[in-house]
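Peer 1: Structure below; questions to follow.
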Amino acid sequence: LTQESEILLAIEQRQFTLFLQPQVDMQTHQVLGAEALLRWPQRDGSLVLPAEVIPLAEELGVIVPLGNWVLEESCRILARWQHQGIKLPLAVNISVLQLLQQDFISHLKQLLVQHPIDPGKLQLEITETVRINDLEQVLGLLRELHDLGLSIVLDDFGMGYSSLNYLNHLKCLPIDLIKIDKSFIDGLPQDDAIVRIISSISGVLNLPIMAEGVETDAQRDWLLQHGIRYGQGFLFAEPLAREAFEARFCPPV
Ligand code: G
Ligand code: G
Ligand code: MN
Ligand code: NA
């Protein structure tokens, strides 16, 4: 089997799974939602992580079927939650390559018809690595997604392309949340310059921010003292299998 047919077969045989990590209000400890993170369980019990699978799938040209499976599975989870009275939103990572596919929007519309969910509960996390020549196209697509009622999250903020011109574009983008990349949270509380800058950008743009990869009390305390309330990280919980996430964070209603 070639690597690409191995991935396609794994999709068909439902070998992939989504782990869920809670996103919390660090002030009240309330769980606000979950991020869906791709995992590929192997026969030996190990998990292949997205850092390996996603770039490979992009390179081999199978990111679209894989991304479609992730979106559909996320819709199934949201439909089940809606049925069970679980009101949490679910954030899904979207590769820009996937977003730029011709039929991405029509496929998404079709999914929303097949799975009658509140589109506002589906949050798309787009990584900020858009090349300048794609920017206009991406802006148009994000507006369309926002018009469908989906929430748009700018993932890994600070890592990608952020010129002042780009920030100017952000002002008129339908973005609902900015996530500060874990690499900047790692430095807290000592190295706080970048987080301060991102925090002030979010203030100017009037956008809420969430810290990723919060691991220590000291990081959380710094964030709260500087007005950053939303967080995700091992301090609160690791990504968990769906059943474990529900058992821990979704008490029976
Ligand atoms: O779960 P983990 O921390 O290993 O994820 C690493 C990175 O892979 C995350 O930053 C996330 O953005 C990306 N990722 C995780 N799941 C998916 C997915 O389903 N699709 C895409 N495109 N990226 C994902
Ligand atoms: O989409 P993004 O790349 O931000 O996905 C988050 C990734 O970071 C996931 O793969 C998740 O497993 C990982 N992650 C989440 N919280 C923590 C954390 O507190 N510490 C570390 N080292 N990794 C984390
Ligand atoms: Mn993410
Ligand atoms: Na991220």
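Identifiers in this document derive from the order of the structure tokens: chains are assigned A, B, ..., residues are numbered from 1 separately in each chain, and ligands are numbered from 1 in order of occurrence.
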Return as a list in words every polymer residue, whether protein, DNA or RNA, with at least one atom no more than 7 Å from an atom of ligand 1; count only C-alpha atoms and all ligand atoms.

Peer 2: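 Selection of residues at most 7 Å from ligand 1: Ala36, Leu37, Leu38, Leu49, Pro50, Ala51, Ile54, Gly67, Val70, Val92, Asn93, Ile94, Ser95 and Thr127 of chain A.
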
Peer 1: Just C-alpha atoms for this one: save the residues we selected as a short mmCIF file (atom, residue, chain, number, x, y, z; two decimals), in the first residue's frame.

Peer 2:
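That gives us selection_37.cif:
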```
data_model
loop_
_atom_site.label_atom_id
_atom_site.label_comp_id
_atom_site.auth_asym_id
_atom_site.auth_seq_id
_atom_site.Cartn_x
_atom_site.Cartn_y
_atom_site.Cartn_z
CA ALA A 36 -11.51 18.52 18.01
CA LEU A 37 -8.03 17.10 17.42
CA LEU A 38 -7.34 14.34 14.91
CA LEU A 49 -0.62 12.71 15.80
CA PRO A 50 -1.82 15.39 13.37
CA ALA A 51 1.65 16.99 13.23
CA ILE A 54 -1.77 16.55 8.28
CA GLY A 67 -10.57 17.12 6.19
CA VAL A 70 -13.08 15.54 10.24
CA VAL A 92 -12.52 22.17 14.17
CA ASN A 93 -9.14 22.79 12.55
CA ILE A 94 -9.28 23.59 8.86
CA SER A 95 -6.22 23.49 6.66
CA THR A 127 -4.26 28.66 10.92
#
```

Peer 1: Run DSSP on the backbone and give me the residues of region 1-232 of chain A it puts in alpha helix (DSSP H), as number ranges by chain.

Peer 2: A: 3-12, 50-60, 63-84, 96-99, 104-114, 135-147, 164-170, 182-185, 193-205, 217-225

Peer 1: List all protein, DNA and RNA residues that have at least one atom no more than 7 Å from any atom of ligand 3, counting only C-alpha atoms and all ligand atoms, and write them as a list in words.

Peer 2: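 Counting only C-alpha atoms and all ligand atoms, the residues within 7 Å of ligand 3 come out as Glu35, Asn93, Glu125 and Asp155 of chain A.
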
Peer 1: Pull the closest atom pair for each residue of chain A that gets at most 10 Å from ligand 2, along with the distance in Å to one decimal, counting only C-alpha atoms and all ligand atoms, ordering rows by chain and then ascending residue number, as a tab-separated table.

Peer 2:
```
residue	atom	partner	partner_atom_place_in_ligand_line	distance
A:Phe19	CA	ligand 2	12 (O)	8.8
A:Leu20	CA	ligand 2	12 (O)	9.1
A:Gln21	CA	ligand 2	15 (C)	7.3
A:Pro22	CA	ligand 2	16 (N)	9.3
A:Gln23	CA	ligand 2	16 (N)	9.7
A:Glu35	CA	ligand 2	1 (O)	7.8
A:Ala36	CA	ligand 2	1 (O)	8.6
A:Leu37	CA	ligand 2	9 (C)	6.4
A:Leu38	CA	ligand 2	10 (O)	8.2
A:Arg39	CA	ligand 2	10 (O)	9.3
A:Leu49	CA	ligand 2	10 (O)	7.4
A:Pro50	CA	ligand 2	10 (O)	7.0
A:Ala51	CA	ligand 2	10 (O)	7.6
A:Ala91	CA	ligand 2	1 (O)	9.2
A:Val92	CA	ligand 2	1 (O)	8.4
A:Asn93	CA	ligand 2	1 (O)	6.2
A:Ile94	CA	ligand 2	1 (O)	9.1
A:Glu125	CA	ligand 2	1 (O)	7.2
A:Ile126	CA	ligand 2	1 (O)	8.6
A:Thr127	CA	ligand 2	1 (O)	7.7
A:Leu154	CA	ligand 2	1 (O)	9.8
A:Asp155	CA	ligand 2	1 (O)	6.4
A:Asp156	CA	ligand 2	4 (O)	5.9
A:Phe157	CA	ligand 2	4 (O)	9.4
A:Lys179	CA	ligand 2	4 (O)	7.8
A:Ile180	CA	ligand 2	4 (O)	8.6
A:Asp181	CA	ligand 2	4 (O)	6.6
A:Lys182	CA	ligand 2	4 (O)	7.1
A:Ser183	CA	ligand 2	22 (N)	9.3
A:Ile185	CA	ligand 2	19 (O)	9.3
A:Asp186	CA	ligand 2	20 (N)	8.7
A:Ala211	CA	ligand 2	4 (O)	9.4
A:Glu212	CA	ligand 2	16 (N)	6.1
A:Gly213	CA	ligand 2	19 (O)	3.4
A:Val214	CA	ligand 2	19 (O)	4.7
A:Glu215	CA	ligand 2	19 (O)	4.6
A:Thr216	CA	ligand 2	19 (O)	8.4
A:Gly231	CA	ligand 2	16 (N)	9.3
A:Gln232	CA	ligand 2	16 (N)	5.9
A:Gly233	CA	ligand 2	19 (O)	3.4
A:Phe234	CA	ligand 2	19 (O)	3.7
A:Leu235	CA	ligand 2	19 (O)	6.2
A:Phe236	CA	ligand 2	19 (O)	8.1
A:Ala237	CA	ligand 2	16 (N)	7.7
A:Glu238	CA	ligand 2	16 (N)	6.2
A:Pro239	CA	ligand 2	12 (O)	5.7
A:Leu240	CA	ligand 2	12 (O)	9.2
```

Peer 1: Could you name the residues that touch Pro208 (chain A) at 12 Å or less, counting only C-alpha atoms, but leaving out those on the same chain fewer than 3 positions away, as a ChimeraX atom specification?

Peer 2: /A:25,152-154,175-180,198-205,211,227-231

Peer 1: Which residue is closest to His29 (chain A)? Choose from A:Leu224, A:Leu90, A:Leu56, A:Ile105 and count only C-alpha atoms.

Peer 2: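 For His29 (chain A), the nearest of the candidates is A:Leu224.
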
Peer 1: What is the CA of Leu100 (chain A)-atom 1 (Na, counted along the ligand's line) of ligand 4 distance in Å, reported with one decimal?

Peer 2: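 So the two atoms, CA of Leu100 (chain A) and atom 1 (Na, counted along the ligand's line) of ligand 4, lie 19.4 Å apart.
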
Peer 1: Using only C-alpha atoms for the distances, tell me which of A:Pro251, A:Asp217, A:Arg242, A:Leu47 is nearest to Met26 (chain A).

Peer 2: A:Asp217

Peer 1: Choose the residue, out of A:Leu170, A:Val138, A:Gly160, A:Gln3, that has the smallest atom-to-atom separation from ligand 4; count only C-alpha atoms and all ligand atoms.

Peer 2: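 For ligand 4, the nearest of the given residues is A:Gly160.
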
Peer 1: Between A:Leu18, A:Leu124, A:Gln137, A:His146, which one has atoms that come closest to ligand 4, using only C-alpha atoms and all ligand atoms?

Peer 2: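 Using only C-alpha atoms and all ligand atoms, the shortest distance to ligand 4 belongs to A:Leu124.
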
Peer 1: Can you pull out every residue within 9 Å of Pro41 (chain A), counting only C-alpha atoms, but drop anything in the same chain fewer than 3 positions away, and send it as a list in words?

Peer 2: Gln15, Phe16, Thr17, Asp44, Gly45, Ser46, Leu47, Val48 and Leu49 of chain A

Peer 1: Can you pull out every residue from region 130-243 of chain A that DSSP, working from the backbone, puts in strand (DSSP E or B), and format the result as a list in words?

Peer 2: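 Written out, the strand (DSSP E or B) residues of region 130-243 of chain A are Ser151, Ile152, Val153, Leu154, Asp155, Asp156, Phe157, Leu177, Ile178, Lys179, Ile180, Ile209, Met210, Ala211, Tyr230, Gly231, Leu240 and Ala241 of chain A.
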
Peer 1: How would the residues just picked look written out with C-alpha atoms as an mmCIF file, in the first residue's frame?

Peer 2:
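File written: out.cif
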```
data_model
loop_
_atom_site.group_PDB
_atom_site.id
_atom_site.type_symbol
_atom_site.label_atom_id
_atom_site.label_comp_id
_atom_site.auth_asym_id
_atom_site.auth_seq_id
_atom_site.Cartn_x
_atom_site.Cartn_y
_atom_site.Cartn_z
ATOM 1 C CA SER A 151 -17.776 31.030 13.971
ATOM 2 C CA ILE A 152 -14.312 31.790 12.616
ATOM 3 C CA VAL A 153 -11.262 31.423 14.851
ATOM 4 C CA LEU A 154 -7.767 32.573 13.891
ATOM 5 C CA ASP A 155 -5.501 29.772 15.171
ATOM 6 C CA ASP A 156 -1.802 29.964 16.100
ATOM 7 C CA PHE A 157 -1.896 33.746 16.019
ATOM 8 C CA LEU A 177 -11.715 34.770 18.282
ATOM 9 C CA ILE A 178 -7.912 34.895 18.119
ATOM 10 C CA LYS A 179 -5.899 32.032 19.663
ATOM 11 C CA ILE A 180 -2.402 32.933 20.879
ATOM 12 C CA ILE A 209 -8.447 36.074 22.660
ATOM 13 C CA MET A 210 -7.725 32.610 23.978
ATOM 14 C CA ALA A 211 -4.361 31.323 25.218
ATOM 15 C CA TYR A 230 -10.041 32.154 27.911
ATOM 16 C CA GLY A 231 -7.574 29.296 27.854
ATOM 17 C CA LEU A 240 -9.394 13.173 25.592
ATOM 18 C CA ALA A 241 -11.312 10.487 23.725
#
```

Peer 1: Considering only C-alpha atoms, state which residue in the set A:Leu78, A:Val31, A:Gln190, A:Arg43 is at the smallest distance from Arg248 (chain A).

Peer 2: A:Val31

Peer 1: Between CA of Pro89 (chain A) and CA of Val24 (chain A), what distance in Å does the model show, to one decimal?

Peer 2: 11.9 Å

Peer 1: For Gln101 (chain A), work out the shell of residues within 12 Å, counting only C-alpha atoms and skipping chain neighbours fewer than 3 positions away, then give it as a list in words.

Peer 2: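 The filter keeps Gly61, Val62, Ile63, Val64, Pro65, Gly67, Asn68, Ile94, Ser95, Val96, Leu97, Gln98, Phe104, Ile105, Ser106, His107, Leu108, Gln137, Val138 and Leu141 of chain A.
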
Peer 1: Any chance you can output those residues with C-alpha atoms as a CSV table (one decimal), in the first residue's frame?

Peer 2:
```csv
chain,number,residue,atom,x,y,z
A,61,GLY,CA,-3.1,15.3,-2.0
A,62,VAL,CA,-5.5,13.5,0.4
A,63,ILE,CA,-6.1,16.4,2.8
A,64,VAL,CA,-9.5,17.0,1.3
A,65,PRO,CA,-11.1,13.6,2.0
A,67,GLY,CA,-10.6,17.1,6.2
A,68,ASN,CA,-14.1,16.2,5.0
A,94,ILE,CA,-9.3,23.6,8.9
A,95,SER,CA,-6.2,23.5,6.7
A,96,VAL,CA,-6.0,26.5,4.3
A,97,LEU,CA,-5.5,24.0,1.5
A,98,GLN,CA,-8.9,22.5,2.4
A,104,PHE,CA,-15.4,23.5,0.2
A,105,ILE,CA,-18.4,25.8,0.9
A,106,SER,CA,-20.9,23.7,-1.1
A,107,HIS,CA,-19.7,20.6,0.7
A,108,LEU,CA,-20.1,22.3,4.1
A,137,GLN,CA,-9.6,34.7,-1.7
A,138,VAL,CA,-9.4,33.6,1.9
A,141,LEU,CA,-14.4,32.6,1.8
```

Peer 1: For CA of Lys171 (chain A) and CA of Gln102 (chain A), quote the distance in Å rounded to one decimal.

Peer 2: 25.9 Å
